[in-house]
Protein chains: 4
Amino acid sequence: MNEIEKLTELFTQFPGIGPRQARRFVFFLLRKENGYSTMLIKSINDALQKVRQCSDCLRYTTMQHSNTRCRICSDTQRTQEQLMLVEKDTDIDQMEKSGAYTGMYIVLGGNLSLTGKKGFIREKELFTYLKNHKNTFNEIILALSATPDGEYTADYLITKFKETEGVKESKITVLGRGLSTGSELEYADSTTLVQAMKNRK
Amino acid sequence: MNEIEKLTELFTQFPGIGPRQARRFVFFLLRKENGYSTMLIKSINDALQKVRQCSDCLRYTTMQHSNTRCRICSDTQRTQEQLMLVEKDTDIDQMEKSGAYTGMYIVLGGNLSLTGKKGFIREKELFTYLKNHKNTFNEIILALSATPDGEYTADYLITKFKETEGVKESKITVLGRGLSTGSELEYADSTTLVQAMKNRK
Amino acid sequence: MNEIEKLTELFTQFPGIGPRQARRFVFFLLRKENGYSTMLIKSINDALQKVRQCSDCLRYTTMQHSNTRCRICSDTQRTQEQLMLVEKDTDIDQMEKSGAYTGMYIVLGGNLSLTGKKGFIREKELFTYLKNHKNTFNEIILALSATPDGEYTADYLITKFKETEGVKESKITVLGRGLSTGSELEYADSTTLVQAMKNRK
Amino acid sequence: MNEIEKLTELFTQFPGIGPRQARRFVFFLLRKENGYSTMLIKSINDALQKVRQCSDCLRYTTMQHSNTRCRICSDTQRTQEQLMLVEKDTDIDQMEKSGAYTGMYIVLGGNLSLTGKKGFIREKELFTYLKNHKNTFNEIILALSATPDGEYTADYLITKFKETEGVKESKITVLGRGLSTGSELEYADSTTLVQAMKNRK
């Protein structure tokens with residue numbers, strides 16, 4: 001395998017990238033002025049060095065100095081009594097952008113799967129965190145996808161929470177369901193309509 | 001223009017049908033056993049004769065005998081004090097299927113358009129209906145699309161309602177917003193997230 | 001099943017039409033001014049009455065008077081010594097539009113299928129026609145799709161032709177392969193490139 | 001801009017990559033075991049160092065030792081009397097895979113554009129090469145896309161070639177047109193059909 005094939009092969013591991021696009025990436029780098037690749041390599045190195053996983057919320061983010069907790073988790077101005085469980089690092093960005101929430105987060109890293117195939121959540125880390133924060137949270141918000149897997153994960157965790165000392169006392173909530181931006185009634189399913197009616201105002 | 005071209009031309013007026021598919025429809029009819037086309041013609045004739053526009057909710061539906069009001073509008077078991085405004089006939093079917101609503105309906109026939117281009121609602125018929133049903137409704141529910149045009153139409157109608165005697169006394173509501181079935185946080189916009197937080201439970 | 005449901009059901013049998021679009025067709029007809037549906041019904045009736053299957057080429061087309069052969073098959077100005085086999089009625093239109101061919105046609109009505117599932121060609125009619133036109137054609141052109149099924153059908157027919165008296169004397173040809181309009185080399189397969197090289201000029 | 005944003009920004013310059021997928025690339029790298037990123041960086045560096053542009057055909061490829069000409073251009077077993085002009089590096093791979101050609105290549109690096117916007121070919125390098133190879137080629141094959149831009153580029157070059165000493169004596173050919181693999185007659189345009197008829201066999 002020559003250098004072009006090797007690099008193509010590595011790019012095919014990028015999420016959503018097939019062999020043809022991977023090959024295009026390689027020729028893009030070869031044709032680009034040299035400065036770009038140097039910057040790209042520096043930027044990958046920087047990211048790998050400066051971006052670490054927060055010991056609390058488990059997201060990957062830029063950490064200042066020798067901190068082990070991220071900017072959000074160490075922000076004492078935020079509501080310490082609310083915890084939100086999200087699937088992905090980017091979900092935190094979306095939620096922060098909306099301004100709708102000012103509490104703590106934990107990134108589950110995925111969903112359990114109904115079919116059992118590729119499901120994964122950071123269950124051990126979550127319950128260690130909850131053990132270390134016994135009776136800390138008034139409310140735990142499950143901000144998971146409105147999909148079968150997301151709902152299955154929520155159900156699984158709610159059952160577990162109700163059996164866990166120092167957690168079962170918290171109010172457990174899930175995000176409200178209804179018409180999301182762009183929805184038309186014609187394409188809405190019954191669950192969405194029932195919730196949209198309940199939450200009408 | 002021969003018979004094939006004429007029929008192709010008529011089928012291109014069907015919603016979402018281009019010339020190639022229209023042509024395929026024609027050859028489909030020509031190749032099908034004769035009984036099918038006879039049934040199709042009879043069925044179109046039946047629909048045109050037995051399906052009429054309900055004088056109240058304005059939807060097109062099968063009308064019994066000489067009724068001018070549809071099965072829903074003439075059902076005295078339904079809640080007479082709630083009125084729901086929807087865009088399309090099929091929205092009523094979706095809402096009925098969900099079982100979330102048992103009141104009256106009006107089909108607006110579309111949306112006003114922000115760009116002003118093709119916007120249309122049955123405004124005159126709506127306000128005639130409301131005049132004839134002064135002080136009848138406790139609640140008027142705007143069940144419009146969660147799109148810019150849907151929201152523009154809702155805003156327009158709410159303003160009008162507040163200036164209309166016998167209507168402005170009603171509670172005006174809109175369907176709840178939130179995560180609709182299938183939504184993932186990563187793709188949700190801020191409005192949806194803010195509403196999903198407010199409606200969490 | 002009411003009239004709307006019945007008509008919806010019939011429209012779902014149209015090629016490529018699902019229940020939702022079928023339903024939209026029904027409401028389109030109901031909402032359209034009455035003249036349209038009347039014209040549509042008349043046009044379907046006209047097509048069914050005036051369009052007949054040509055006894056020679058087997059395509060469906062407008063037939064004049066009591067003719068059993070279509071305008072093309074009865075055109076004595078056309079080359080009577082060439083026969084082209086196509087899959088679909090519309091293939092004749094495409095070929096005529098190109099002006100590349102002035103001989104006779106036969107519509108096979110489909111392809112044989114490699115998987116054997118839904119394959120179908122009008123084999124019996126084809127060989128009856130060829131028997132009635134013994135030693136008529138200098139050339140028989142197989143103008144089938146450049147797909148596995150099209151090639152399989154071509155191979156099947158060529159073998160049969162070589163065993164058939166009055167046919168095996170004809171030159172049997174297939175359409176040239178190469179880059180079709182819009183093709184880029186990057187997406188071309190080896191067969192196409194080999195043929196494009198052979199046919200370069 | 002933090003490290004995640006910087007790297008995201010760089011990935012958005014990759015061909016066909018929007019901000020969301022670029023962000024996903026970053027988190028993919030952060031979450032991947034460290035060895036992968038190290039390999040990726042090494043592989044990019046290797047490619048940049050070992051892959052050079054061939055001084056003859058102008059493609060980017062692995063070069064042995066201090067060679068300035070690639071494996072194909074320095075292969076004396078290949079036909080030295082044929083030159084093929086292609087648009088992209090990958091076009092050479094496709095052509096080699098087909099086994100249909102054993103001569104020399106030049107990569108134009110793109111197409112001229114009919115609209116004049118972003119069109120680009122390595123015209124200067126091409127004519128320098130042709131000057132250095134006066135009267136070398138029996139045949140020059142224009143293996144460009146069967147698109148308006150590809151045809152415009154071919155026409156432009158053919159005109160130029162006819163005015164160039166030592167080139168105008170060569171036979172100038174273009175790849176054959178016809179049905180490419182997967183083509184159905186119904187979707188073929190007239191040009192394709194005319195060529196497919198001419199090239200039938």
# chains A, B, ... in the order shown; residues from 1 in each chain; ligands from 1

call {"tool": "interface_residues", "arguments": {"of": "chain B", "to": "chain A", "cutoff": "8 Å", "atoms": "only C-alpha atoms", "output": "mmCIF file with N, CA, C and O atoms, in the first residue's frame"}}
result
data_model
loop_
_atom_site.group_PDB
_atom_site.id
_atom_site.type_symbol
_atom_site.label_atom_id
_atom_site.label_comp_id
_atom_site.auth_asym_id
_atom_site.auth_seq_id
_atom_site.Cartn_x
_atom_site.Cartn_y
_atom_site.Cartn_z
ATOM 1 N N LYS B 88 -55.181 21.886 6.580
ATOM 2 C CA LYS B 88 -55.592 20.985 5.506
ATOM 3 C C LYS B 88 -56.605 19.951 5.974
ATOM 4 O O LYS B 88 -56.627 19.596 7.149
ATOM 5 N N THR B 90 -56.487 16.820 5.579
ATOM 6 C CA THR B 90 -55.829 15.646 6.154
ATOM 7 C C THR B 90 -55.364 15.893 7.588
ATOM 8 O O THR B 90 -55.188 14.941 8.347
ATOM 9 N N ASP B 91 -55.179 17.162 7.967
ATOM 10 C CA ASP B 91 -54.802 17.454 9.347
ATOM 11 C C ASP B 91 -55.883 16.967 10.309
ATOM 12 O O ASP B 91 -55.583 16.526 11.422
ATOM 13 N N GLN B 94 -55.374 13.273 10.866
ATOM 14 C CA GLN B 94 -54.239 13.029 11.764
ATOM 15 C C GLN B 94 -54.648 13.281 13.212
ATOM 16 O O GLN B 94 -54.327 12.499 14.101
ATOM 17 N N MET B 95 -55.353 14.390 13.431
ATOM 18 C CA MET B 95 -55.739 14.767 14.787
ATOM 19 C C MET B 95 -56.754 13.759 15.350
ATOM 20 O O MET B 95 -56.636 13.332 16.503
ATOM 21 N N LYS B 97 -57.076 10.639 14.494
ATOM 22 C CA LYS B 97 -56.365 9.379 14.725
ATOM 23 C C LYS B 97 -55.641 9.400 16.078
ATOM 24 O O LYS B 97 -55.538 8.384 16.752
ATOM 25 N N SER B 98 -55.143 10.591 16.461
ATOM 26 C CA SER B 98 -54.388 10.694 17.710
ATOM 27 C C SER B 98 -55.307 10.592 18.931
ATOM 28 O O SER B 98 -54.856 10.294 20.028
ATOM 29 N N GLY B 99 -56.600 10.903 18.715
ATOM 30 C CA GLY B 99 -57.533 10.851 19.832
ATOM 31 C C GLY B 99 -57.350 11.974 20.837
ATOM 32 O O GLY B 99 -57.937 11.977 21.917
ATOM 33 N N ALA B 100 -56.536 12.961 20.491
ATOM 34 C CA ALA B 100 -56.182 14.003 21.457
ATOM 35 C C ALA B 100 -57.212 15.128 21.519
ATOM 36 O O ALA B 100 -57.125 15.993 22.380
ATOM 37 N N TYR B 101 -58.181 15.108 20.623
ATOM 38 C CA TYR B 101 -59.095 16.254 20.522
ATOM 39 C C TYR B 101 -60.494 15.778 20.183
ATOM 40 O O TYR B 101 -60.660 14.873 19.347
ATOM 41 N N ALA B 143 -53.987 25.135 15.355
ATOM 42 C CA ALA B 143 -53.149 23.950 15.137
ATOM 43 C C ALA B 143 -52.471 24.060 13.782
ATOM 44 O O ALA B 143 -52.711 23.285 12.868
ATOM 45 N N LEU B 144 -51.606 25.065 13.671
ATOM 46 C CA LEU B 144 -50.944 25.336 12.391
ATOM 47 C C LEU B 144 -49.523 24.789 12.393
ATOM 48 O O LEU B 144 -49.004 24.395 13.442
ATOM 49 N N SER B 145 -48.902 24.766 11.230
ATOM 50 C CA SER B 145 -47.541 24.253 11.112
ATOM 51 C C SER B 145 -46.570 25.088 11.948
ATOM 52 O O SER B 145 -46.743 26.298 12.096
ATOM 53 N N ALA B 146 -45.544 24.411 12.469
ATOM 54 C CA ALA B 146 -44.499 25.101 13.230
ATOM 55 C C ALA B 146 -43.453 25.644 12.260
ATOM 56 O O ALA B 146 -42.264 25.431 12.404
ATOM 57 N N THR B 147 -43.940 26.356 11.240
ATOM 58 C CA THR B 147 -43.078 26.926 10.212
ATOM 59 C C THR B 147 -43.266 28.447 10.214
ATOM 60 O O THR B 147 -44.235 28.948 10.781
ATOM 61 N N ILE B 172 -57.389 31.785 23.469
ATOM 62 C CA ILE B 172 -56.744 31.413 22.207
ATOM 63 C C ILE B 172 -55.474 30.633 22.524
ATOM 64 O O ILE B 172 -54.621 31.131 23.263
ATOM 65 N N THR B 173 -55.341 29.442 22.014
ATOM 66 C CA THR B 173 -54.135 28.655 22.301
ATOM 67 C C THR B 173 -53.468 28.187 21.002
ATOM 68 O O THR B 173 -54.091 28.189 19.941
ATOM 69 N N VAL B 174 -52.185 27.868 21.130
ATOM 70 C CA VAL B 174 -51.481 27.227 20.003
ATOM 71 C C VAL B 174 -50.919 25.902 20.501
ATOM 72 O O VAL B 174 -50.682 25.730 21.697
ATOM 73 N N LEU B 175 -50.699 24.980 19.570
ATOM 74 C CA LEU B 175 -50.179 23.667 19.935
ATOM 75 C C LEU B 175 -48.816 23.804 20.603
ATOM 76 O O LEU B 175 -48.041 24.691 20.255
ATOM 77 N N GLY B 176 -48.530 22.923 21.551
ATOM 78 C CA GLY B 176 -47.266 22.961 22.266
ATOM 79 C C GLY B 176 -46.092 22.607 21.372
ATOM 80 O O GLY B 176 -46.206 21.779 20.479
ATOM 81 N N ARG B 177 -44.985 23.285 21.617
ATOM 82 C CA ARG B 177 -43.750 23.009 20.869
ATOM 83 C C ARG B 177 -42.832 22.159 21.720
ATOM 84 O O ARG B 177 -42.885 22.187 22.955
ATOM 85 N N GLY B 178 -41.961 21.430 21.102
ATOM 86 C CA GLY B 178 -41.009 20.588 21.809
ATOM 87 C C GLY B 178 -40.368 19.641 20.843
ATOM 88 O O GLY B 178 -40.387 19.868 19.631
ATOM 89 N N LEU B 179 -39.781 18.575 21.374
ATOM 90 C CA LEU B 179 -39.184 17.577 20.498
ATOM 91 C C LEU B 179 -40.305 16.755 19.877
ATOM 92 O O LEU B 179 -41.105 16.166 20.591
ATOM 93 N N SER B 180 -40.380 16.719 18.552
ATOM 94 C CA SER B 180 -41.353 15.826 17.936
ATOM 95 C C SER B 180 -40.696 14.460 17.756
ATOM 96 O O SER B 180 -39.470 14.329 17.818
ATOM 97 N N THR B 181 -41.516 13.453 17.567
ATOM 98 C CA THR B 181 -40.995 12.095 17.449
ATOM 99 C C THR B 181 -39.886 12.035 16.401
ATOM 100 O O THR B 181 -40.052 12.518 15.292
ATOM 101 N N GLY B 182 -38.770 11.440 16.770
ATOM 102 C CA GLY B 182 -37.642 11.326 15.850
ATOM 103 C C GLY B 182 -36.599 12.403 16.031
ATOM 104 O O GLY B 182 -35.504 12.301 15.485
ATOM 105 N N SER B 183 -36.923 13.475 16.770
ATOM 106 C CA SER B 183 -35.970 14.584 16.946
ATOM 107 C C SER B 183 -34.746 14.169 17.752
ATOM 108 O O SER B 183 -34.853 13.449 18.736
ATOM 109 N N GLU B 184 -33.587 14.644 17.315
ATOM 110 C CA GLU B 184 -32.376 14.533 18.124
ATOM 111 C C GLU B 184 -31.941 15.936 18.523
ATOM 112 O O GLU B 184 -32.092 16.878 17.759
ATOM 113 N N LEU B 185 -31.395 16.051 19.725
ATOM 114 C CA LEU B 185 -30.985 17.361 20.237
ATOM 115 C C LEU B 185 -30.034 18.072 19.281
ATOM 116 O O LEU B 185 -30.101 19.277 19.088
ATOM 117 N N GLU B 186 -29.123 17.297 18.696
ATOM 118 C CA GLU B 186 -28.088 17.865 17.828
ATOM 119 C C GLU B 186 -28.691 18.688 16.694
ATOM 120 O O GLU B 186 -28.082 19.642 16.223
ATOM 121 N N ALA B 188 -31.869 20.017 16.827
ATOM 122 C CA ALA B 188 -32.964 20.862 17.299
ATOM 123 C C ALA B 188 -32.521 22.325 17.350
ATOM 124 O O ALA B 188 -31.393 22.625 17.695
ATOM 125 N N ASP B 189 -33.433 23.238 16.989
ATOM 126 C CA ASP B 189 -33.092 24.663 17.071
ATOM 127 C C ASP B 189 -33.417 25.187 18.460
ATOM 128 O O ASP B 189 -34.058 24.511 19.264
ATOM 129 N N SER B 190 -32.984 26.410 18.729
ATOM 130 C CA SER B 190 -33.125 26.973 20.072
ATOM 131 C C SER B 190 -34.587 27.089 20.495
ATOM 132 O O SER B 190 -34.935 26.775 21.636
ATOM 133 N N THR B 191 -35.470 27.528 19.574
ATOM 134 C CA THR B 191 -36.893 27.665 19.923
ATOM 135 C C THR B 191 -37.446 26.339 20.427
ATOM 136 O O THR B 191 -38.120 26.274 21.461
ATOM 137 N N THR B 192 -37.139 25.273 19.684
ATOM 138 C CA THR B 192 -37.618 23.949 20.082
ATOM 139 C C THR B 192 -37.080 23.573 21.462
ATOM 140 O O THR B 192 -37.823 23.073 22.316
ATOM 141 N N LEU B 193 -35.784 23.852 21.703
ATOM 142 C CA LEU B 193 -35.182 23.471 22.988
ATOM 143 C C LEU B 193 -35.763 24.277 24.149
ATOM 144 O O LEU B 193 -36.034 23.731 25.225
ATOM 145 N N VAL B 194 -35.959 25.576 23.919
ATOM 146 C CA VAL B 194 -36.548 26.413 24.967
ATOM 147 C C VAL B 194 -37.929 25.877 25.334
ATOM 148 O O VAL B 194 -38.267 25.717 26.519
ATOM 149 N N GLN B 195 -38.732 25.546 24.315
ATOM 150 C CA GLN B 195 -40.080 25.034 24.578
ATOM 151 C C GLN B 195 -40.021 23.652 25.223
ATOM 152 O O GLN B 195 -40.816 23.338 26.110
ATOM 153 N N ALA B 196 -39.070 22.826 24.758
ATOM 154 C CA ALA B 196 -38.948 21.478 25.314
ATOM 155 C C ALA B 196 -38.565 21.543 26.787
ATOM 156 O O ALA B 196 -39.011 20.723 27.602
ATOM 157 N N MET B 197 -37.746 22.548 27.171
ATOM 158 C CA MET B 197 -37.387 22.733 28.576
ATOM 159 C C MET B 197 -38.607 23.188 29.370
ATOM 160 O O MET B 197 -38.875 22.676 30.453
ATOM 161 N N LYS B 198 -39.350 24.146 28.805
ATOM 162 C CA LYS B 198 -40.528 24.655 29.520
ATOM 163 C C LYS B 198 -41.565 23.557 29.736
ATOM 164 O O LYS B 198 -42.227 23.510 30.752
ATOM 165 N N ASN B 199 -41.707 22.710 28.742
ATOM 166 C CA ASN B 199 -42.732 21.667 28.795
ATOM 167 C C ASN B 199 -42.208 20.354 29.354
ATOM 168 O O ASN B 199 -42.863 19.330 29.228
ATOM 169 N N ARG B 200 -41.052 20.375 29.978
ATOM 170 C CA ARG B 200 -40.528 19.100 30.501
ATOM 171 C C ARG B 200 -41.396 18.633 31.648
ATOM 172 O O ARG B 200 -42.024 19.444 32.328
ATOM 173 N N LYS B 201 -41.407 17.333 31.840
ATOM 174 C CA LYS B 201 -42.239 16.826 32.945
ATOM 175 C C LYS B 201 -41.707 15.500 33.450
ATOM 176 O O LYS B 201 -41.009 14.790 32.740
#

call {"tool": "residues_around", "arguments": {"residues": "Ser55 of chain C", "least_positions_apart": "2", "cutoff": "6 Å", "atoms": "only C-alpha atoms", "output": "ChimeraX atom specification"}}
result
/C:58,68-69

call {"tool": "residues_around", "arguments": {"residues": "Leu7 of chain D", "least_positions_apart": "2", "cutoff": "7 Å", "atoms": "only C-alpha atoms", "output": "list in words"}}
result
Ser43 and Ile44 of chain A; Glu3, Ile4, Glu5, Glu9, Leu10, Phe11 and Val26 of chain D

call {"tool": "residues_around", "arguments": {"residues": "Pro19 of chain C", "least_positions_apart": "4", "cutoff": "8 Å", "atoms": "only C-alpha atoms", "output": "list in words"}}
result
Thr8, Glu9, Thr12 and Arg23 of chain C

call {"tool": "select_by_dssp", "arguments": {"residues": "segment 30-143 of chain A", "states": "helix (DSSP H, G or I)", "output": "PyMOL selection string"}}
result
chain A and resi 30-31+34-50+89-98+123-132
